[in-house]
file work_27.cif (mmCIF, C-alpha atoms)
data_run
#
loop_
_atom_site.label_atom_id
_atom_site.label_comp_id
_atom_site.auth_asym_id
_atom_site.auth_seq_id
_atom_site.Cartn_x
_atom_site.Cartn_y
_atom_site.Cartn_z
CA MET D 994 88.25 76.32 99.38
CA HIS D 995 87.53 73.40 101.69
CA SER D 996 88.98 75.11 104.75
CA ALA D 997 87.32 78.43 103.90
CA PHE D 998 83.93 76.72 103.69
CA LEU D 999 84.40 74.88 106.95
CA SER D 1000 85.75 77.80 108.89
CA LEU D 1001 82.90 80.04 107.75
CA LEU D 1002 80.41 77.34 108.72
CA ARG D 1003 82.03 76.95 112.14
CA LYS D 1004 82.08 80.69 112.65
CA GLU D 1005 78.37 80.98 111.84
CA LEU D 1006 77.45 78.11 114.13
CA LEU D 1007 79.54 79.54 116.96
CA LEU D 1008 77.85 82.91 116.46
CA ALA D 1009 74.44 81.26 116.62
CA PHE D 1010 75.50 79.45 119.78
CA ARG D 1011 76.53 82.76 121.37
CA GLN D 1012 73.14 84.26 120.43
CA LYS D 1013 71.01 81.37 121.59
CA THR D 1014 68.00 83.57 122.29
CA ASP D 1015 67.58 84.29 118.57
CA VAL D 1016 67.35 80.60 117.79
CA VAL D 1017 65.07 79.85 120.72
CA THR D 1018 62.76 82.73 119.78
CA VAL D 1019 62.19 81.26 116.33
CA LEU D 1020 61.45 77.85 117.78
CA PHE D 1021 58.99 79.26 120.31
CA PHE D 1022 57.29 81.23 117.58
CA PHE D 1023 56.78 77.97 115.71
CA LEU D 1024 55.41 76.21 118.78
CA ILE D 1025 53.00 79.02 119.62
CA VAL D 1026 51.73 79.67 116.09
CA SER D 1027 50.98 76.01 115.47
CA SER D 1028 49.39 75.61 118.90
CA LEU D 1029 46.98 78.48 118.27
CA PHE D 1030 45.05 76.56 115.63
CA PRO D 1031 43.76 73.68 117.78
CA LEU D 1032 42.63 76.29 120.31
CA ALA D 1033 40.83 78.32 117.68
CA VAL D 1034 39.33 75.51 115.62
CA GLY D 1035 38.18 73.37 118.53
CA PRO D 1036 38.94 69.83 119.62
CA GLU D 1037 37.18 68.01 116.76
CA LEU D 1038 39.78 65.36 115.93
CA SER D 1039 38.70 64.77 112.34
CA THR D 1040 39.07 68.50 111.53
CA LEU D 1041 42.42 68.77 113.28
CA LYS D 1042 43.76 65.79 111.37
CA ILE D 1043 42.95 67.44 108.07
CA ILE D 1044 44.32 70.91 108.87
CA GLY D 1045 47.31 69.64 110.90
CA PRO D 1046 49.90 69.17 108.15
CA GLY D 1047 48.97 72.48 106.55
CA VAL D 1048 49.19 74.38 109.82
CA ILE D 1049 52.57 72.91 110.68
CA TRP D 1050 53.87 73.71 107.23
CA VAL D 1051 52.64 77.30 107.43
CA GLY D 1052 54.27 77.56 110.86
CA ALA D 1053 57.59 76.33 109.46
CA LEU D 1054 57.31 78.74 106.56
CA LEU D 1055 56.64 81.73 108.82
CA CYS D 1056 59.60 80.76 111.01
CA SER D 1057 61.85 80.67 108.00
CA LEU D 1058 60.61 84.11 107.02
CA LEU D 1059 61.07 85.45 110.55
CA ALA D 1060 64.72 84.45 110.65
CA LEU D 1061 65.64 85.41 107.10
CA HIS D 1062 66.84 88.93 107.75
CA ARG D 1063 69.60 87.56 109.96
CA VAL D 1064 71.32 85.66 107.15
CA PHE D 1065 73.21 88.63 105.71
CA GLU D 1066 72.11 91.75 107.57
CA SER D 1067 74.72 91.83 110.33
CA ASP D 1068 77.44 90.87 107.85
CA PHE D 1069 76.33 93.73 105.63
CA ASN D 1070 76.40 96.20 108.52
CA ASP D 1071 79.75 95.25 110.03
CA GLY D 1072 81.72 94.89 106.80
CA SER D 1073 82.05 91.09 106.90
CA LEU D 1074 80.22 90.82 103.61
CA GLU D 1075 82.91 92.92 101.89
CA HIS D 1076 85.49 90.54 103.30
CA LEU D 1077 83.59 87.59 101.84
CA VAL D 1078 83.46 89.19 98.39
CA LEU D 1079 87.15 90.13 98.52
CA SER D 1080 88.32 86.87 100.08
CA GLY D 1081 89.36 85.30 96.79
CA GLU D 1082 87.25 82.22 97.49
CA PRO D 1083 84.27 81.58 95.17
CA LEU D 1084 81.41 83.61 96.65
CA THR D 1085 78.85 80.95 95.73
CA ILE D 1086 80.64 78.42 97.95
CA LEU D 1087 80.77 80.84 100.87
CA VAL D 1088 77.10 81.64 100.35
CA ILE D 1089 76.27 77.93 100.59
CA ALA D 1090 78.11 77.80 103.92
CA LYS D 1091 76.10 80.76 105.22
CA VAL D 1092 72.74 79.37 104.10
CA LEU D 1093 73.60 75.91 105.41
CA ALA D 1094 74.47 77.39 108.81
CA HIS D 1095 71.23 79.35 108.75
CA TRP D 1096 69.21 76.24 107.98
CA LEU D 1097 70.99 74.22 110.69
CA VAL D 1098 70.06 76.75 113.38
CA THR D 1099 66.59 77.81 112.23
CA GLY D 1100 65.26 75.14 109.86
CA LEU D 1101 66.49 71.92 111.41
CA PRO D 1102 65.14 72.60 114.94
CA VAL D 1103 61.71 73.23 113.41
CA VAL D 1104 61.89 69.96 111.50
CA ILE D 1105 62.79 68.10 114.68
CA VAL D 1106 60.05 69.69 116.78
CA ALA D 1107 57.34 69.36 114.11
CA PRO D 1108 56.33 65.75 114.96
CA LEU D 1109 55.65 66.85 118.55
CA ILE D 1110 53.26 69.49 117.27
CA GLY D 1111 51.80 66.87 114.94
CA LEU D 1112 50.74 64.85 117.99
CA GLN D 1113 48.53 67.78 119.04
CA PHE D 1114 46.65 67.36 115.80
CA GLY D 1115 46.19 63.65 116.30
CA LEU D 1116 48.32 62.68 113.30
CA SER D 1117 49.15 59.00 113.00
CA GLN D 1118 52.71 57.76 113.26
CA ALA D 1119 52.98 57.25 109.50
CA SER D 1120 51.78 60.81 108.89
CA LEU D 1121 54.29 62.17 111.41
CA VAL D 1122 57.16 60.42 109.66
CA LEU D 1123 55.96 61.73 106.32
CA LEU D 1124 55.61 65.23 107.74
CA LEU D 1125 59.15 65.05 109.05
CA GLY D 1126 60.35 63.91 105.64
CA THR D 1127 58.62 66.64 103.66
CA LEU D 1128 59.86 69.31 106.06
CA PHE D 1129 63.34 67.89 105.79
CA LEU D 1130 63.21 68.25 102.01
CA GLY D 1131 61.30 71.52 101.98
CA THR D 1132 62.83 73.74 104.66
CA PRO D 1133 66.27 73.91 102.98
CA VAL D 1134 64.47 75.15 99.86
CA LEU D 1135 62.78 77.81 101.99
CA SER D 1136 66.17 78.91 103.34
CA LEU D 1137 67.78 78.98 99.90
CA ILE D 1138 65.01 80.88 98.13
CA GLY D 1139 64.48 83.14 101.11
CA SER D 1140 68.16 84.06 101.17
CA ILE D 1141 67.86 85.38 97.62
CA GLY D 1142 65.22 87.80 98.88
CA ALA D 1143 67.29 88.66 101.94
CA ALA D 1144 70.31 89.45 99.75
CA LEU D 1145 68.24 91.49 97.29
CA THR D 1146 66.85 93.71 100.04
CA LEU D 1147 70.19 94.37 101.79
CA GLY D 1148 70.55 98.01 102.73
CA VAL D 1149 66.93 98.76 101.87
CA ARG D 1150 64.82 100.50 104.50
CA GLY D 1151 62.08 98.15 105.76
CA GLY D 1152 63.97 95.27 104.18
CA ALA D 1153 62.39 92.56 106.36
CA ALA D 1154 58.82 93.40 105.30
CA LEU D 1155 59.90 93.75 101.69
CA THR D 1156 61.61 90.36 101.80
CA SER D 1157 58.35 88.75 102.95
CA ILE D 1158 56.36 90.29 100.12
CA LEU D 1159 59.02 89.38 97.60
CA ILE D 1160 59.53 85.81 98.77
CA LEU D 1161 56.13 84.52 99.88
CA PRO D 1162 54.83 83.88 96.34
CA PHE D 1163 57.86 81.67 95.73
CA TYR D 1164 57.19 79.75 98.93
CA VAL D 1165 53.71 78.76 97.73
CA PRO D 1166 54.70 75.76 95.55
CA ILE D 1167 56.84 74.33 98.34
CA LEU D 1168 53.93 74.70 100.75
CA ILE D 1169 51.48 73.07 98.35
CA PHE D 1170 53.63 70.02 97.70
CA GLY D 1171 54.97 69.73 101.24
CA ALA D 1172 51.67 69.88 103.09
CA GLY D 1173 49.89 68.25 100.14
CA ALA D 1174 51.96 65.08 100.43
CA VAL D 1175 50.83 64.46 104.01
CA VAL D 1176 47.16 65.23 103.22
CA ALA D 1177 47.24 63.02 100.12
CA ASP D 1178 48.63 60.19 102.19
CA LEU D 1179 45.82 60.63 104.75
CA GLN D 1180 43.33 60.31 101.92
CA GLY D 1181 45.02 57.16 100.71
CA LEU D 1182 46.43 58.69 97.54
CA THR D 1183 49.89 58.10 96.17
CA ILE D 1184 52.54 60.60 97.29
CA GLU D 1185 55.48 59.79 95.06
CA GLY D 1186 54.66 62.72 92.79
CA HIS D 1187 54.69 65.18 95.68
CA LEU D 1188 57.99 63.92 97.02
CA SER D 1189 59.61 63.92 93.58
CA VAL D 1190 58.59 67.52 93.02
CA LEU D 1191 59.94 68.53 96.45
CA LEU D 1192 63.21 66.77 95.76
CA ALA D 1193 63.44 68.40 92.34
CA MET D 1194 62.86 71.83 93.89
CA LEU D 1195 65.60 71.10 96.41
CA CYS D 1196 68.07 70.10 93.69
CA VAL D 1197 67.30 73.08 91.49
CA SER D 1198 67.54 75.55 94.34
CA ILE D 1199 70.82 74.10 95.62
CA ALA D 1200 72.23 74.49 92.12
CA LEU D 1201 70.87 77.92 91.24
CA ALA D 1202 70.08 79.87 94.42
CA PRO D 1203 73.73 80.36 95.49
CA LEU D 1204 74.48 81.98 92.11
CA ALA D 1205 71.55 84.34 92.50
CA ILE D 1206 72.47 85.15 96.10
CA ALA D 1207 76.09 85.86 95.16
CA SER D 1208 75.05 88.27 92.39
CA ALA D 1209 72.58 89.98 94.69
CA ILE D 1210 75.28 90.49 97.32
CA LYS D 1211 77.65 92.00 94.76
CA ILE D 1212 74.93 94.39 93.64
CA ALA D 1213 74.14 95.35 97.24
CA LEU D 1214 77.79 96.20 97.91
CA GLU D 1215 78.28 98.38 94.84
CA MET E 636 101.39 97.39 88.63
CA LEU E 637 98.30 99.44 89.37
CA ASP E 638 97.14 101.78 86.63
CA VAL E 639 94.21 104.11 86.94
CA ARG E 640 93.09 105.46 83.58
CA ASN E 641 90.70 108.33 83.12
CA LEU E 642 88.67 107.27 86.15
CA GLY E 643 85.36 109.02 86.71
CA PHE E 644 82.63 108.48 89.28
CA SER E 645 79.57 110.47 90.18
CA ARG E 646 76.76 110.03 92.62
CA GLY E 647 73.65 111.48 90.99
CA LYS E 648 74.63 114.95 89.82
CA ASN E 649 77.46 115.15 92.29
CA ILE E 650 80.69 114.42 90.43
CA LEU E 651 83.15 112.93 92.91
CA PHE E 652 86.07 112.83 90.51
CA GLU E 653 86.72 112.97 86.80
CA ALA E 654 89.60 111.99 84.55
CA LEU E 655 91.69 110.67 87.39
CA ASN E 656 94.97 109.18 86.20
CA PHE E 657 97.80 107.67 88.15
CA SER E 658 100.05 104.70 88.11
CA LEU E 659 101.83 102.94 90.94
CA THR E 660 104.63 100.42 90.75
CA SER E 661 105.66 97.83 93.29
CA SER E 662 107.38 99.07 96.45
CA SER E 663 105.36 102.23 96.52
CA ALA E 664 102.55 103.79 98.48
CA MET E 665 99.86 106.38 98.06
CA ARG E 666 98.14 108.50 100.65
CA VAL E 667 94.68 109.72 99.69
CA THR E 668 93.52 112.82 101.50
CA GLY E 669 90.57 115.14 101.11
CA SER E 670 87.68 116.63 103.00
CA ASN E 671 84.71 114.59 104.24
CA GLY E 672 82.61 113.40 101.34
CA SER E 673 85.30 114.03 98.78
CA GLY E 674 85.21 110.41 97.62
CA LYS E 675 88.17 108.82 99.39
CA THR E 676 86.29 105.69 100.39
CA THR E 677 84.61 105.54 96.98
CA LEU E 678 88.01 105.65 95.31
CA LEU E 679 89.27 102.77 97.45
CA ARG E 680 86.16 100.74 96.65
CA LEU E 681 86.75 101.36 92.94
CA LEU E 682 90.39 100.33 93.27
CA SER E 683 89.40 97.12 95.03
CA GLY E 684 86.78 96.39 92.38
CA LEU E 685 83.88 96.46 94.85
CA SER E 686 82.25 99.24 92.83
CA ARG E 687 82.34 99.88 89.12
CA PRO E 688 83.49 103.22 87.76
CA ASP E 689 81.24 105.34 85.53
CA GLN E 690 84.17 106.06 83.24
CA GLY E 691 87.65 104.76 82.75
CA MET E 692 89.18 101.71 84.34
CA VAL E 693 91.45 100.40 87.02
CA CYS E 694 94.06 97.93 85.85
CA TRP E 695 96.14 95.56 87.93
CA ARG E 696 99.11 94.02 86.11
CA GLY E 697 97.57 95.16 82.85
CA GLU E 698 94.12 93.66 83.39
CA SER E 699 90.92 95.39 84.37
CA VAL E 700 90.11 94.66 87.99
CA THR E 701 86.37 94.29 87.44
CA LYS E 702 86.78 91.95 84.49
CA ASN E 703 88.65 89.23 86.30
CA HIS E 704 87.66 90.20 89.81
CA SER E 705 87.88 86.77 91.40
CA GLU E 706 91.54 86.45 90.39
CA PHE E 707 92.38 90.06 91.20
CA VAL E 708 91.10 89.88 94.77
CA LYS E 709 93.67 87.21 95.57
CA SER E 710 96.25 90.00 95.38
CA VAL E 711 94.22 92.44 97.45
CA ASN E 712 93.93 92.98 101.14
CA PHE E 713 91.14 95.45 101.82
CA VAL E 714 90.65 96.87 105.29
CA GLY E 715 87.48 98.87 105.14
CA HIS E 716 85.95 101.43 107.42
CA ASP E 717 83.86 98.68 109.00
CA ASP E 718 86.25 96.20 110.47
CA GLY E 719 84.24 93.04 109.82
CA LEU E 720 84.66 91.81 113.39
CA LYS E 721 81.86 89.84 115.04
CA LYS E 722 81.19 91.40 118.40
CA GLN E 723 80.01 88.17 120.03
CA LEU E 724 83.27 86.38 119.19
CA THR E 725 86.58 86.95 120.92
CA ALA E 726 89.47 88.66 119.17
CA ALA E 727 91.26 85.33 118.75
CA GLU E 728 88.15 83.62 117.37
CA ASN E 729 87.56 86.44 114.93
CA LEU E 730 91.03 86.00 113.48
CA ARG E 731 90.99 82.21 113.55
CA PHE E 732 87.73 81.98 111.63
CA THR E 733 88.24 84.77 109.10
CA LEU E 734 91.85 84.20 108.07
CA PRO E 735 91.12 80.86 106.32
CA LEU E 736 88.81 82.83 104.02
CA LEU E 737 91.83 84.87 102.99
CA GLY E 738 93.82 81.79 102.12
CA VAL E 739 95.93 81.41 105.26
CA SER E 740 95.30 78.95 108.06
CA PRO E 741 97.42 80.05 110.98
CA SER E 742 97.68 77.91 114.09
CA ALA E 743 96.07 79.11 117.30
CA LYS E 744 99.58 79.94 118.52
CA ASP E 745 100.35 82.19 115.55
CA VAL E 746 97.08 84.04 116.12
CA ASP E 747 97.89 84.48 119.80
CA LEU E 748 101.36 85.78 118.98
CA ALA E 749 99.96 88.31 116.50
CA LEU E 750 97.44 89.56 119.05
CA ASP E 751 100.11 89.75 121.76
CA ALA E 752 102.28 91.77 119.40
CA ALA E 753 99.37 94.14 118.87
CA GLY E 754 99.24 94.72 122.62
CA LEU E 755 96.02 92.77 123.11
CA GLU E 756 97.39 90.05 125.36
CA SER E 757 95.00 90.74 128.24
CA VAL E 758 91.84 91.08 126.15
CA LYS E 759 92.32 88.60 123.32
CA ASN E 760 89.90 86.10 124.83
CA ARG E 761 87.16 88.59 125.53
CA PRO E 762 84.23 89.13 123.20
CA VAL E 763 85.05 91.99 120.86
CA MET E 764 82.01 93.94 122.04
CA HIS E 765 83.81 94.62 125.33
CA LEU E 766 86.82 96.12 123.58
CA SER E 767 87.42 99.82 123.02
CA ALA E 768 87.34 101.36 119.55
CA GLY E 769 91.13 101.46 119.39
CA GLN E 770 91.46 97.86 120.54
CA LYS E 771 88.96 96.72 117.90
CA ARG E 772 90.99 98.55 115.29
CA ARG E 773 94.11 96.79 116.53
CA VAL E 774 92.39 93.43 116.18
CA ALA E 775 91.32 94.25 112.63
CA LEU E 776 94.80 95.45 111.73
CA SER E 777 96.56 92.43 113.22
CA ARG E 778 95.21 90.55 110.19
CA LEU E 779 97.88 92.42 108.23
CA ASP E 780 100.53 90.22 109.84
CA PHE E 781 99.23 87.30 107.80
CA MET E 782 98.64 89.19 104.57
CA SER E 783 102.16 89.72 103.25
CA HIS E 784 101.41 87.34 100.34
CA ARG E 785 98.80 89.77 99.01
CA ALA E 786 100.65 92.53 97.20
CA LEU E 787 98.07 95.31 97.17
CA TRP E 788 96.98 96.64 100.54
CA ILE E 789 94.04 99.01 100.47
CA LEU E 790 93.33 100.56 103.85
CA ASP E 791 90.52 102.95 104.64
CA GLU E 792 91.42 105.26 107.55
CA PRO E 793 93.74 102.72 109.18
CA PHE E 794 95.11 105.20 111.72
CA THR E 795 91.75 106.27 113.13
CA SER E 796 91.29 105.72 116.88
CA LEU E 797 94.79 104.28 117.33
CA ASP E 798 97.13 105.60 120.02
CA VAL E 799 100.65 106.85 119.30
CA ALA E 800 102.33 103.50 119.89
CA ALA E 801 99.87 101.65 117.68
CA ILE E 802 100.23 104.25 114.93
CA SER E 803 103.98 103.83 114.78
CA SER E 804 103.73 100.05 114.84
CA LEU E 805 101.23 100.16 111.98
CA ALA E 806 103.46 102.53 110.02
CA GLU E 807 106.29 100.06 110.57
CA LYS E 808 104.14 97.20 109.18
CA LEU E 809 103.23 99.27 106.13
CA ASN E 810 106.86 100.27 105.52
CA LYS E 811 107.94 96.66 105.79
CA HIS E 812 105.32 95.62 103.23
CA ILE E 813 106.42 98.39 100.87
CA GLU E 814 110.08 97.42 101.21
CA SER E 815 109.30 93.81 100.37
CA GLY E 816 107.75 94.85 97.08
CA GLY E 817 104.18 95.50 98.15
CA LEU E 818 101.89 98.35 97.29
CA VAL E 819 99.97 100.29 99.92
CA ILE E 820 97.11 102.70 99.35
CA PHE E 821 95.49 104.34 102.35
CA THR E 822 93.30 107.26 103.26
CA THR E 823 93.90 109.52 106.20
CA HIS E 824 92.86 112.82 107.69
CA GLN E 825 96.00 113.31 109.72
CA SER E 826 98.99 114.82 108.01
CA PHE E 827 102.04 112.78 108.79
CA ASP E 828 105.16 111.51 107.17
CA MET E 829 105.75 108.16 108.77
CA ILE E 830 105.59 106.47 105.39
CA PRO E 831 108.32 108.20 103.42
CA GLN E 832 107.58 106.55 100.06
CA ALA E 833 103.96 107.62 100.03
CA VAL E 834 102.91 109.97 97.25
CA SER E 835 99.93 112.13 97.98
CA LEU E 836 96.67 112.29 96.16
CA VAL E 837 94.33 115.08 97.21
CA LEU E 838 90.67 114.78 96.32
CA ASP E 839 88.53 117.88 96.50
#

call {"tool": "encode", "arguments": {"input": "work_27.cif", "output": "structure tokens"}}
result
Amino acid sequence: MHSAFLSLLRKELLLAFRQKTDVVTVLFFFLIVSSLFPLAVGPELSTLKIIGPGVIWVGALLCSLLALHRVFESDFNDGSLEHLVLSGEPLTILVIAKVLAHWLVTGLPVVIVAPLIGLQFGLSQASLVLLLGTLFLGTPVLSLIGSIGAALTLGVRGGAALTSILILPFYVPILIFGAGAVVADLQGLTIEGHLSVLLAMLCVSIALAPLAIASAIKIALE
Amino acid sequence: MLDVRNLGFSRGKNILFEALNFSLTSSSAMRVTGSNGSGKTTLLRLLSGLSRPDQGMVCWRGESVTKNHSEFVKSVNFVGHDDGLKKQLTAAENLRFTLPLLGVSPSAKDVDLALDAAGLESVKNRPVMHLSAGQKRRVALSRLDFMSHRALWILDEPFTSLDVAAISSLAEKLNKHIESGGLVIFTTHQSFDMIPQAVSLVLD
């Protein structure tokens, strides 16, 4: 089980490395989307400070959505997904490896770049650290929940658009608490509640999402 | 070992097969033939437990394959129509990273030897996307060398796009597996008799 998990993870990371453009595209999308807002809203620093965390969070969320279809689609098309189901290893474990790899190549770069974007919005150092923290807790949840949608729409025509419609409502709470924590901190409010809820969402989705994804994959292959 | 009881499957109003019964013991083989769309692939997917039948059941060592699927698949080696190779990875990488999922962790040397034996010595370190259809098939089938511990081999069109030499080497692998107590089920369009033990099942 251990070696199956690791070898799948390594395979996914190597694949991502061979298709660097895909990863870079997502990152550039994030940079451009979040840079559009200061241009559109104007250089008023007090406004930018208030919208900054929200904009960066929406950017991260859209990036996650943009990359979602890649989690299982190619595996579904080339027969690898059948191999995963018939491997004899617990499918939930293999699914965790796939989602983890997906987060490492699409979520983590966004988290790392986010503070740079935050500078554009004139966020203070404390806010930047907090932004980094909330993204670090929140983006894995986006990947996990999003992968449920990606698995459910496997083999469906127009699956990518359908995934967005299906998944976006479930992204809303993560967005509210993620961006909300940074804004609350700016306003001098306590943020422990926000962070606890984010952490709880992360724990619940790590525990339950792989089960849902595994069932969805089995249904898609039938 | 493998019992198929009263198996029925339909797609919409189109009945692919009904009341299908057969039973295979160890050291045997079955060749499934039939016209395009007659349900060969569907039958293999039912036998491997990937799909559920509308009627009847498939039993492996007396137990329904869908009921205890996670245990059953440890005895199955399924080579589907899609070979599951990643085109950006080399042949050697494809084997090295996928075999651990099937419960074997061969060394890089073992993988190289298997690919050399499949006649892929010169291309094994090239991305699979630069390989021909037959060479890709050979890569996919060289997994069989590591799968002797899984008794039931289910192969969908294994002989497609292989040349004469590769066909006979594959037939040899299948015969060896059958002799050592395995069970092989495969579909094919070609009529041939390179696997003497194989009983025929014709779907229409």

call {"tool": "interface_residues", "arguments": {"input": "work_27.cif", "of": "chain D", "to": "chain E", "cutoff": "6 Å", "atoms": "only C-alpha atoms", "output": "PDB file with C-alpha atoms, in the frame of the given file"}}
result
ATOM      1  CA  ALA D 997      87.320  78.430 103.900  1.00  0.00           C
ATOM      2  CA  SER D1000      85.750  77.800 108.890  1.00  0.00           C
ATOM      3  CA  LYS D1004      82.080  80.690 112.650  1.00  0.00           C
ATOM      4  CA  ASP D1071      79.750  95.250 110.030  1.00  0.00           C
ATOM      5  CA  GLY D1072      81.720  94.890 106.800  1.00  0.00           C
ATOM      6  CA  SER D1073      82.050  91.090 106.900  1.00  0.00           C
ATOM      7  CA  LEU D1079      87.150  90.130  98.520  1.00  0.00           C
ATOM      8  CA  SER D1080      88.320  86.870 100.080  1.00  0.00           C
ATOM      9  CA  GLY D1081      89.360  85.300  96.790  1.00  0.00           C
ATOM     10  CA  GLU D1215      78.280  98.380  94.840  1.00  0.00           C
TER      11      GLU D1215
END

call {"tool": "resolve_selection", "arguments": {"input": "work_27.cif", "expression": "the PyMOL selection byres ((chain E and resi 814) around 12)", "output": "number ranges by chain"}}
result
E: 661-664, 783, 786, 807-813, 815-819, 830-833

call {"tool": "residues_around", "arguments": {"input": "work_27.cif", "residues": "E:Pro688", "least_positions_apart": "3", "cutoff": "12 Å", "atoms": "only C-alpha atoms", "output": "PyMOL selection string"}}
result
(chain D and resi 1215) or (chain E and resi 639-646+650-655+677-685+691-694+699-701)

call {"tool": "write_last_selection", "arguments": {"input": "work_27.cif", "atoms": "C-alpha atoms", "output": "short mmCIF file (atom, residue, chain, number, x, y, z; two decimals), in the frame of the given file"}}
result
data_model
loop_
_atom_site.label_atom_id
_atom_site.label_comp_id
_atom_site.auth_asym_id
_atom_site.auth_seq_id
_atom_site.Cartn_x
_atom_site.Cartn_y
_atom_site.Cartn_z
CA GLU D 1215 78.28 98.38 94.84
CA VAL E 639 94.21 104.11 86.94
CA ARG E 640 93.09 105.46 83.58
CA ASN E 641 90.70 108.33 83.12
CA LEU E 642 88.67 107.27 86.15
CA GLY E 643 85.36 109.02 86.71
CA PHE E 644 82.63 108.48 89.28
CA SER E 645 79.57 110.47 90.18
CA ARG E 646 76.76 110.03 92.62
CA ILE E 650 80.69 114.42 90.43
CA LEU E 651 83.15 112.93 92.91
CA PHE E 652 86.07 112.83 90.51
CA GLU E 653 86.72 112.97 86.80
CA ALA E 654 89.60 111.99 84.55
CA LEU E 655 91.69 110.67 87.39
CA THR E 677 84.61 105.54 96.98
CA LEU E 678 88.01 105.65 95.31
CA LEU E 679 89.27 102.77 97.45
CA ARG E 680 86.16 100.74 96.65
CA LEU E 681 86.75 101.36 92.94
CA LEU E 682 90.39 100.33 93.27
CA SER E 683 89.40 97.12 95.03
CA GLY E 684 86.78 96.39 92.38
CA LEU E 685 83.88 96.46 94.85
CA GLY E 691 87.65 104.76 82.75
CA MET E 692 89.18 101.71 84.34
CA VAL E 693 91.45 100.40 87.02
CA CYS E 694 94.06 97.93 85.85
CA SER E 699 90.92 95.39 84.37
CA VAL E 700 90.11 94.66 87.99
CA THR E 701 86.37 94.29 87.44
#

call {"tool": "resolve_selection", "arguments": {"input": "work_27.cif", "expression": "the PyMOL selection byres ((chain D and resi 1112-1114) around 6)", "output": "ChimeraX atom specification"}}
result
/D:1041-1042,1045,1109-1111,1115-1116

call {"tool": "residues_around", "arguments": {"input": "work_27.cif", "residues": "stretch 747-760 of chain E", "least_positions_apart": "3", "cutoff": "6 Å", "atoms": "all atoms listed in the file", "output": "ChimeraX atom specification"}}
result
/E:725-727,744

call {"tool": "resolve_selection", "arguments": {"input": "work_27.cif", "expression": "the PyMOL selection byres ((chain D and resi 1184) around 12)", "output": "mmCIF file with C-alpha atoms, in the frame of the given file"}}
result
data_model
loop_
_atom_site.group_PDB
_atom_site.id
_atom_site.type_symbol
_atom_site.label_atom_id
_atom_site.label_comp_id
_atom_site.auth_asym_id
_atom_site.auth_seq_id
_atom_site.Cartn_x
_atom_site.Cartn_y
_atom_site.Cartn_z
ATOM 1 C CA SER D 1120 51.780 60.810 108.890
ATOM 2 C CA LEU D 1123 55.960 61.730 106.320
ATOM 3 C CA LEU D 1124 55.610 65.230 107.740
ATOM 4 C CA GLY D 1126 60.350 63.910 105.640
ATOM 5 C CA THR D 1127 58.620 66.640 103.660
ATOM 6 C CA PHE D 1170 53.630 70.020 97.700
ATOM 7 C CA GLY D 1171 54.970 69.730 101.240
ATOM 8 C CA ALA D 1172 51.670 69.880 103.090
ATOM 9 C CA GLY D 1173 49.890 68.250 100.140
ATOM 10 C CA ALA D 1174 51.960 65.080 100.430
ATOM 11 C CA VAL D 1175 50.830 64.460 104.010
ATOM 12 C CA VAL D 1176 47.160 65.230 103.220
ATOM 13 C CA ALA D 1177 47.240 63.020 100.120
ATOM 14 C CA ASP D 1178 48.630 60.190 102.190
ATOM 15 C CA LEU D 1179 45.820 60.630 104.750
ATOM 16 C CA GLN D 1180 43.330 60.310 101.920
ATOM 17 C CA GLY D 1181 45.020 57.160 100.710
ATOM 18 C CA LEU D 1182 46.430 58.690 97.540
ATOM 19 C CA THR D 1183 49.890 58.100 96.170
ATOM 20 C CA GLU D 1185 55.480 59.790 95.060
ATOM 21 C CA GLY D 1186 54.660 62.720 92.790
ATOM 22 C CA HIS D 1187 54.690 65.180 95.680
ATOM 23 C CA LEU D 1188 57.990 63.920 97.020
ATOM 24 C CA SER D 1189 59.610 63.920 93.580
ATOM 25 C CA VAL D 1190 58.590 67.520 93.020
ATOM 26 C CA LEU D 1191 59.940 68.530 96.450
#

call {"tool": "build_atoms", "arguments": {"input": "work_27.cif", "residues": "stretch 1019-1026 of chain D", "atoms": "N, CA and C atoms", "output": "CSV table (one decimal), keeping the file's coordinate frame"}}
result
chain,number,residue,atom,x,y,z
D,1019,VAL,N,62.8,81.8,117.5
D,1019,VAL,CA,62.2,81.3,116.3
D,1019,VAL,C,61.4,80.0,116.6
D,1020,LEU,N,62.1,79.1,117.4
D,1020,LEU,CA,61.4,77.8,117.8
D,1020,LEU,C,60.2,78.0,118.6
D,1021,PHE,N,60.2,79.0,119.5
D,1021,PHE,CA,59.0,79.3,120.3
D,1021,PHE,C,57.9,79.8,119.4
D,1022,PHE,N,58.3,80.7,118.5
D,1022,PHE,CA,57.3,81.2,117.6
D,1022,PHE,C,56.6,80.1,116.9
D,1023,PHE,N,57.4,79.1,116.4
D,1023,PHE,CA,56.8,78.0,115.7
D,1023,PHE,C,55.8,77.2,116.6
D,1024,LEU,N,56.2,77.0,117.8
D,1024,LEU,CA,55.4,76.2,118.8
D,1024,LEU,C,54.1,76.9,119.0
D,1025,ILE,N,54.2,78.2,119.3
D,1025,ILE,CA,53.0,79.0,119.6
D,1025,ILE,C,52.1,79.1,118.4
D,1026,VAL,N,52.6,79.5,117.3
D,1026,VAL,CA,51.7,79.7,116.1
D,1026,VAL,C,51.0,78.4,115.8
